[in-house]
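Visitor: My questions all concern the structure below.
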Amino acid sequence: MNGADPESGRPRAWGLRFVPTRIRSKLIALHTAFSLALAVLLLLILRPPIVDLVRASEERESRLALALFAASPDRAGATGVEGVSFSSGGAEELALSAQTASDAFLRPGRAVIGRAGSGAVMAVMWDPDRRAFLAASVRIGEARDAVNRLFLLLTLSLLGVYALIALTLEVFVLPRLVYEPIRTLRAADDAVQAGERGSELIPSEAIPRDEIGQIMRSRNQAIIKLRAQEQQLESALTQLEAAAGELKRKNHLLETARRNLADQDRLASLGMMSAGIAHELNTPLAVIKGCVEELASGGGRPLGPERLALMGRVVSRLEGLSESLLDFARARPRRTDTVGVRGVVEEAWTLVSLDRGAARVRFENEVPGGAAVSGDPDRLTQVFVNLLRNAVDALDAGGRVTVSAETTVRDAREWLSVTVADDGPGIAPSLFPRLFEPFASTRLDAHGTGLGLAVAEGIVREHGGLLLARNAEGGGAVFEIMLPRASPATPVLFDLGTLPREGGPAPPSGARA
């Protein structure tokens, strides 16, 4: 009757649990082959001595029969013993081998053992009196039958012993020591694959104290370590998820703080720009104030065309400053045109010469007429106004201010390098680290607020350029403006140096009072 294993659900034989077929067949084949080999070996070992014993008995009986036959042939023939036969005659008649006949002939009267044609043992003797060979052969049939029965009994005994051993192994030994541990091991592995945590470890009472038990204990330890590592990994993932959530929250807070900081920076920049624009208003207002005073003291005499044009440019500059403040507040895009640098420098010097006592300063504009950049002409004018004003303020006892330009190539792109140099005392080394910071001026008096260089650097940076400062080897300060050069094929839309002046067109570059 067949049943099912309550633990694994697999079929099993009556009284025996399910066992691995492959291992069982291998073990059966192994001990079967061993038992058969042992039986064959025993037969090969026992057969020769037993056969030799029977043969020795037959030889002894043949000698005795031959002696009786030689003494009394008639009496020997009358005995009629079963298995004993007597004969006499020639070698060919008795079918003697040449070796046997030769040995008997050379030793007359003595028995020589040979073989009869039937395979029976035969004693041969040469009788010189009868001039013939005498032979007596004996075959002990009972002994040979006893030997065959012994071999048969031995074979049956070996088969019985094998069957008893196989039955003992398959019923009592292997199921308990091999099949059951393997079945338990397979059931535990199936539990691991099915995810049944409660059945994946082998109970200690089911682990034998042998090599299979060592494998089971090693497996249990590996499973325990694996589960511990899984718990650690799960704990690490939980902590990582918590850290990720915390990081996400902090990133949200950081983004909020960044937006707030950007708004604050924008307000601060707006405040600084407002201060800079207020600083820039001084020059246009001074020009307008001078024109108004000239009208008031002229007794009704009208202003010349150059003064009127200058007042128009000054008013436009005031409007540009106001628009720049609105553009910053509204975040509107910067105006970009192709601007002639020489005219911008001329316009900047005109404004500075009206605002500052420039009579003691000699100005030289060496910028080529074709030098042009892309940008906002009003904002660029503001840059040069600040740089020229800074140079004039540095020349208290008079001197020279020179503006020059040249084209350079950097990073496969053409740049226009414009330098504003003076021969004054230069820049203090301690001031270089914070030269372009707001309120970094050392002349915080009626002529300086510390915003000019900061505003100029900001405008140049907005145009994608770079403002650098250094001291000349022979003395004086040098400010270099690096701006992307406009394409030569692009027409110059704004050249402030071509505006009409009193007495004719704009004067050429050179010394100016």
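Here's how to read the names in the structure tokens: chain A, B, ... by the order shown, residue numbers from 1 in each chain, ligand numbers from 1 in the order shown.
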To test your reading of the structure, identify every residue in stretch 338-414 of chain A that backbone DSSP assigns to strand (DSSP E), and report it as an NGL selection string.
Guide: :A and (338-340 or 361-366 or 372-375 or 399-410 or 413-414)
Visitor: Do a neighbour search on A:Thr419 at 12 Å with only C-alpha atoms, toss out local chain neighbours closer than 4 positions, and write the hits as a ChimeraX atom specification.
Guide: /A:341,345,364-367,384,387-388,391,401-407,466-472,477-483
Visitor: Give me the residues within 10 Å of A:Phe86 as a ChimeraX atom specification, counting only C-alpha atoms and dropping any in the same chain fewer than 3 places off.
Guide: /A:62,65-66,69-70,73,76-77,122-123,134-138
Visitor: Taking into account only C-alpha atoms, which residue in the set A:Val161, A:Ala486, A:Ile202, A:Leu42 is nearest to A:Asp190?
Guide: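 Answer, going by the shortest atom-to-atom distance: A:Ile202.
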Visitor: Compare A:Gly375, A:Gly195, A:Pro284, A:Gly304 by their minimum atom-to-atom distance to A:Ser353, counting only C-alpha atoms, and give me the closest one.
Guide: A:Pro284
Visitor: Determine, counting only C-alpha atoms, which protein, DNA and RNA residues have an atom within 12 Å of an atom of A:Val147; residues of the same chain fewer than 2 positions away are not included. Present the result as an mmCIF file with N, CA and C atoms, in the first residue's frame.
Guide:
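Here's the written file part_2.cif:
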```
data_model
loop_
_atom_site.group_PDB
_atom_site.id
_atom_site.type_symbol
_atom_site.label_atom_id
_atom_site.label_comp_id
_atom_site.auth_asym_id
_atom_site.auth_seq_id
_atom_site.Cartn_x
_atom_site.Cartn_y
_atom_site.Cartn_z
ATOM 1 N N LEU A 43 35.051 -18.023 -5.587
ATOM 2 C CA LEU A 43 35.032 -19.217 -6.441
ATOM 3 C C LEU A 43 36.385 -19.438 -7.104
ATOM 4 N N LEU A 46 38.732 -20.730 -4.255
ATOM 5 C CA LEU A 46 38.461 -22.046 -3.649
ATOM 6 C C LEU A 46 38.480 -23.191 -4.655
ATOM 7 N N ARG A 47 38.144 -22.935 -5.911
ATOM 8 C CA ARG A 47 38.030 -24.029 -6.884
ATOM 9 C C ARG A 47 39.353 -24.774 -7.115
ATOM 10 N N PRO A 48 40.483 -24.119 -7.361
ATOM 11 C CA PRO A 48 41.733 -24.854 -7.622
ATOM 12 C C PRO A 48 42.130 -25.809 -6.497
ATOM 13 N N PRO A 49 42.110 -25.395 -5.185
ATOM 14 C CA PRO A 49 42.514 -26.379 -4.161
ATOM 15 C C PRO A 49 41.593 -27.588 -4.088
ATOM 16 N N ILE A 50 40.271 -27.341 -4.273
ATOM 17 C CA ILE A 50 39.324 -28.454 -4.193
ATOM 18 C C ILE A 50 39.526 -29.413 -5.362
ATOM 19 N N VAL A 51 39.702 -28.861 -6.566
ATOM 20 C CA VAL A 51 39.930 -29.701 -7.740
ATOM 21 C C VAL A 51 41.250 -30.471 -7.589
ATOM 22 N N ASP A 52 42.251 -29.795 -7.064
ATOM 23 C CA ASP A 52 43.533 -30.474 -6.847
ATOM 24 C C ASP A 52 43.387 -31.608 -5.832
ATOM 25 N N LEU A 53 42.563 -31.396 -4.833
ATOM 26 C CA LEU A 53 42.355 -32.440 -3.825
ATOM 27 C C LEU A 53 41.695 -33.684 -4.452
ATOM 28 N N VAL A 54 40.671 -33.440 -5.289
ATOM 29 C CA VAL A 54 40.008 -34.573 -5.963
ATOM 30 C C VAL A 54 40.992 -35.269 -6.887
ATOM 31 N N ARG A 55 41.784 -34.502 -7.595
ATOM 32 C CA ARG A 55 42.754 -35.086 -8.534
ATOM 33 C C ARG A 55 43.800 -35.906 -7.780
ATOM 34 N N ILE A 140 36.639 -40.714 -9.649
ATOM 35 C CA ILE A 140 35.802 -40.753 -8.453
ATOM 36 C C ILE A 140 34.615 -39.834 -8.703
ATOM 37 N N GLY A 141 33.535 -40.359 -9.165
ATOM 38 C CA GLY A 141 32.356 -39.552 -9.502
ATOM 39 C C GLY A 141 31.719 -38.912 -8.293
ATOM 40 N N GLU A 142 31.686 -39.642 -7.181
ATOM 41 C CA GLU A 142 31.065 -39.061 -5.976
ATOM 42 C C GLU A 142 31.818 -37.821 -5.505
ATOM 43 N N ALA A 143 33.141 -37.897 -5.591
ATOM 44 C CA ALA A 143 33.932 -36.725 -5.162
ATOM 45 C C ALA A 143 33.666 -35.533 -6.070
ATOM 46 N N ARG A 144 33.615 -35.815 -7.375
ATOM 47 C CA ARG A 144 33.349 -34.701 -8.292
ATOM 48 C C ARG A 144 31.946 -34.146 -8.088
ATOM 49 N N ASP A 145 30.978 -35.015 -7.862
ATOM 50 C CA ASP A 145 29.624 -34.516 -7.588
ATOM 51 C C ASP A 145 29.587 -33.707 -6.299
ATOM 52 N N ARG A 149 28.412 -29.889 -5.932
ATOM 53 C CA ARG A 149 27.414 -29.461 -4.941
ATOM 54 C C ARG A 149 27.990 -28.389 -4.006
ATOM 55 N N LEU A 150 29.290 -28.555 -3.681
ATOM 56 C CA LEU A 150 29.933 -27.542 -2.816
ATOM 57 C C LEU A 150 29.962 -26.172 -3.494
ATOM 58 N N PHE A 151 30.307 -26.187 -4.783
ATOM 59 C CA PHE A 151 30.325 -24.910 -5.524
ATOM 60 C C PHE A 151 28.926 -24.287 -5.602
ATOM 61 N N LEU A 152 27.932 -25.123 -5.862
ATOM 62 C CA LEU A 152 26.563 -24.621 -5.931
ATOM 63 C C LEU A 152 26.120 -24.070 -4.586
ATOM 64 N N LEU A 153 26.437 -24.804 -3.514
ATOM 65 C CA LEU A 153 26.073 -24.340 -2.174
ATOM 66 C C LEU A 153 26.786 -23.028 -1.825
ATOM 67 N N LEU A 154 28.048 -22.951 -2.215
ATOM 68 C CA LEU A 154 28.802 -21.724 -1.948
ATOM 69 C C LEU A 154 28.206 -20.538 -2.709
#
```
Visitor: Can you list, as a PyMOL selection string, all residues belonging to stretch 136-314 of chain A that DSSP tags as alpha helix (DSSP H)?
Guide: chain A and resi 141-168+174+180-194+211-280+282-297+305-314
Visitor: Take the residues that were just selected and, keeping C-alpha atoms, output them as a short mmCIF file (atom, residue, chain, number, x, y, z; two decimals), in the first residue's frame.
Guide:
```cif
data_model
loop_
_atom_site.label_atom_id
_atom_site.label_comp_id
_atom_site.auth_asym_id
_atom_site.auth_seq_id
_atom_site.Cartn_x
_atom_site.Cartn_y
_atom_site.Cartn_z
CA GLY A 141 32.36 -39.55 -9.50
CA GLU A 142 31.06 -39.06 -5.98
CA ALA A 143 33.93 -36.73 -5.16
CA ARG A 144 33.35 -34.70 -8.29
CA ASP A 145 29.62 -34.52 -7.59
CA ALA A 146 30.41 -33.42 -4.03
CA VAL A 147 32.65 -30.69 -5.41
CA ASN A 148 29.94 -29.43 -7.76
CA ARG A 149 27.41 -29.46 -4.94
CA LEU A 150 29.93 -27.54 -2.82
CA PHE A 151 30.32 -24.91 -5.52
CA LEU A 152 26.56 -24.62 -5.93
CA LEU A 153 26.07 -24.34 -2.17
CA LEU A 154 28.80 -21.72 -1.95
CA THR A 155 27.21 -19.70 -4.75
CA LEU A 156 23.78 -19.88 -3.14
CA SER A 157 25.31 -18.95 0.21
CA LEU A 158 27.01 -15.90 -1.30
CA LEU A 159 23.76 -14.84 -3.00
CA GLY A 160 21.91 -15.31 0.26
CA VAL A 161 24.48 -13.33 2.17
CA TYR A 162 24.28 -10.60 -0.49
CA ALA A 163 20.48 -10.55 -0.26
CA LEU A 164 20.67 -10.38 3.53
CA ILE A 165 23.21 -7.57 3.39
CA ALA A 166 21.23 -5.67 0.74
CA LEU A 167 18.02 -6.08 2.71
CA THR A 168 19.72 -4.94 5.91
CA LEU A 174 20.67 3.40 4.46
CA GLU A 180 16.40 10.21 5.53
CA PRO A 181 19.11 12.91 5.95
CA ILE A 182 19.06 13.56 2.21
CA ARG A 183 15.27 13.75 2.22
CA THR A 184 15.42 16.21 5.13
CA LEU A 185 18.05 18.27 3.30
CA ARG A 186 15.96 18.38 0.13
CA ALA A 187 12.85 19.37 2.06
CA ALA A 188 14.77 22.24 3.71
CA ASP A 189 16.07 23.41 0.31
CA ASP A 190 12.54 23.30 -1.10
CA ALA A 191 11.42 25.46 1.84
CA VAL A 192 14.16 27.99 1.02
CA GLN A 193 13.04 28.17 -2.60
CA ALA A 194 9.38 28.48 -1.54
CA GLU A 211 29.86 13.88 7.14
CA ILE A 212 26.28 14.41 5.99
CA GLY A 213 25.57 15.99 9.37
CA GLN A 214 28.55 18.34 8.87
CA ILE A 215 27.08 19.38 5.53
CA MET A 216 23.71 20.02 7.20
CA ARG A 217 25.24 22.08 10.01
CA SER A 218 27.31 24.09 7.52
CA ARG A 219 24.17 24.71 5.47
CA ASN A 220 22.23 25.90 8.53
CA GLN A 221 25.03 28.30 9.43
CA ALA A 222 25.10 29.64 5.86
CA ILE A 223 21.32 30.17 5.92
CA ILE A 224 21.53 31.94 9.30
CA LYS A 225 24.30 34.23 8.07
CA LEU A 226 22.38 34.90 4.87
CA ARG A 227 19.23 35.86 6.79
CA ALA A 228 21.27 38.06 9.12
CA GLN A 229 22.81 39.84 6.13
CA GLU A 230 19.34 40.23 4.60
CA GLN A 231 18.12 41.82 7.82
CA GLN A 232 21.11 44.14 7.87
CA LEU A 233 20.51 45.02 4.24
CA GLU A 234 16.81 45.61 4.92
CA SER A 235 17.72 47.80 7.89
CA ALA A 236 20.23 49.69 5.74
CA LEU A 237 17.61 50.17 3.03
CA THR A 238 15.16 51.43 5.63
CA GLN A 239 17.74 53.86 6.93
CA LEU A 240 18.58 54.86 3.37
CA GLU A 241 14.93 55.51 2.60
CA ALA A 242 14.67 57.56 5.78
CA ALA A 243 17.82 59.45 4.85
CA ALA A 244 16.49 59.96 1.33
CA GLY A 245 13.26 61.34 2.75
CA GLU A 246 15.18 63.60 5.09
CA LEU A 247 17.44 64.67 2.24
CA LYS A 248 14.41 65.39 0.09
CA ARG A 249 12.92 67.49 2.89
CA LYS A 250 16.21 69.33 3.36
CA ASN A 251 16.51 69.84 -0.39
CA HIS A 252 13.04 71.34 -0.35
CA LEU A 253 14.04 73.62 2.50
CA LEU A 254 17.30 74.44 0.74
CA GLU A 255 15.47 75.23 -2.49
CA THR A 256 13.07 77.45 -0.57
CA ALA A 257 16.00 79.15 1.14
CA ARG A 258 17.75 79.50 -2.22
CA ARG A 259 14.72 81.18 -3.73
CA ASN A 260 14.45 83.45 -0.71
CA LEU A 261 18.16 84.18 -0.94
CA ALA A 262 17.83 84.88 -4.66
CA ASP A 263 15.03 87.32 -3.91
CA GLN A 264 17.15 88.92 -1.21
CA ASP A 265 20.13 89.05 -3.55
CA ARG A 266 17.90 90.63 -6.16
CA LEU A 267 16.73 93.23 -3.68
CA ALA A 268 20.30 93.83 -2.57
CA SER A 269 21.42 94.10 -6.19
CA LEU A 270 18.54 96.46 -6.85
CA GLY A 271 19.61 98.56 -3.91
CA MET A 272 23.22 98.61 -5.04
CA MET A 273 22.17 99.42 -8.59
CA SER A 274 19.97 102.20 -7.30
CA ALA A 275 22.93 103.56 -5.38
CA GLY A 276 25.09 103.24 -8.50
CA ILE A 277 22.51 105.00 -10.65
CA ALA A 278 22.23 107.73 -8.05
CA HIS A 279 26.01 107.95 -8.27
CA GLU A 280 25.82 108.12 -12.07
CA ASN A 282 25.79 113.33 -10.61
CA THR A 283 27.53 113.81 -13.97
CA PRO A 284 24.41 114.46 -16.11
CA LEU A 285 22.96 116.70 -13.43
CA ALA A 286 26.23 118.64 -13.24
CA VAL A 287 26.11 119.15 -17.01
CA ILE A 288 22.51 120.34 -16.91
CA LYS A 289 23.31 122.57 -13.94
CA GLY A 290 26.21 124.13 -15.88
CA CYS A 291 23.97 124.79 -18.89
CA VAL A 292 21.27 126.30 -16.71
CA GLU A 293 23.81 128.53 -14.99
CA GLU A 294 25.15 129.58 -18.40
CA LEU A 295 21.62 130.48 -19.51
CA ALA A 296 21.01 132.40 -16.32
CA SER A 297 24.22 134.41 -16.66
CA PRO A 305 24.35 123.92 -31.01
CA GLU A 306 27.05 121.92 -29.21
CA ARG A 307 25.59 122.80 -25.82
CA LEU A 308 22.09 121.98 -26.97
CA ALA A 309 23.26 118.65 -28.41
CA LEU A 310 25.12 117.94 -25.18
CA MET A 311 21.99 118.70 -23.13
CA GLY A 312 20.02 116.36 -25.39
CA ARG A 313 22.52 113.56 -24.86
CA VAL A 314 22.56 114.20 -21.14
#
```
Visitor: Could you tell me how far atom CA of A:Gly83 sits from atom CA of A:Ala132, in Å to one decimal place?
Guide: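 If I compute the distance from atom CA of A:Ala132 to atom CA of A:Gly83, I get 23.0 Å.
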Visitor: Which is closest to A:Ile23 among A:Phe133, A:Phe172, A:Tyr179, A:Trp126, if we use only C-alpha atoms?
Guide: A:Tyr179
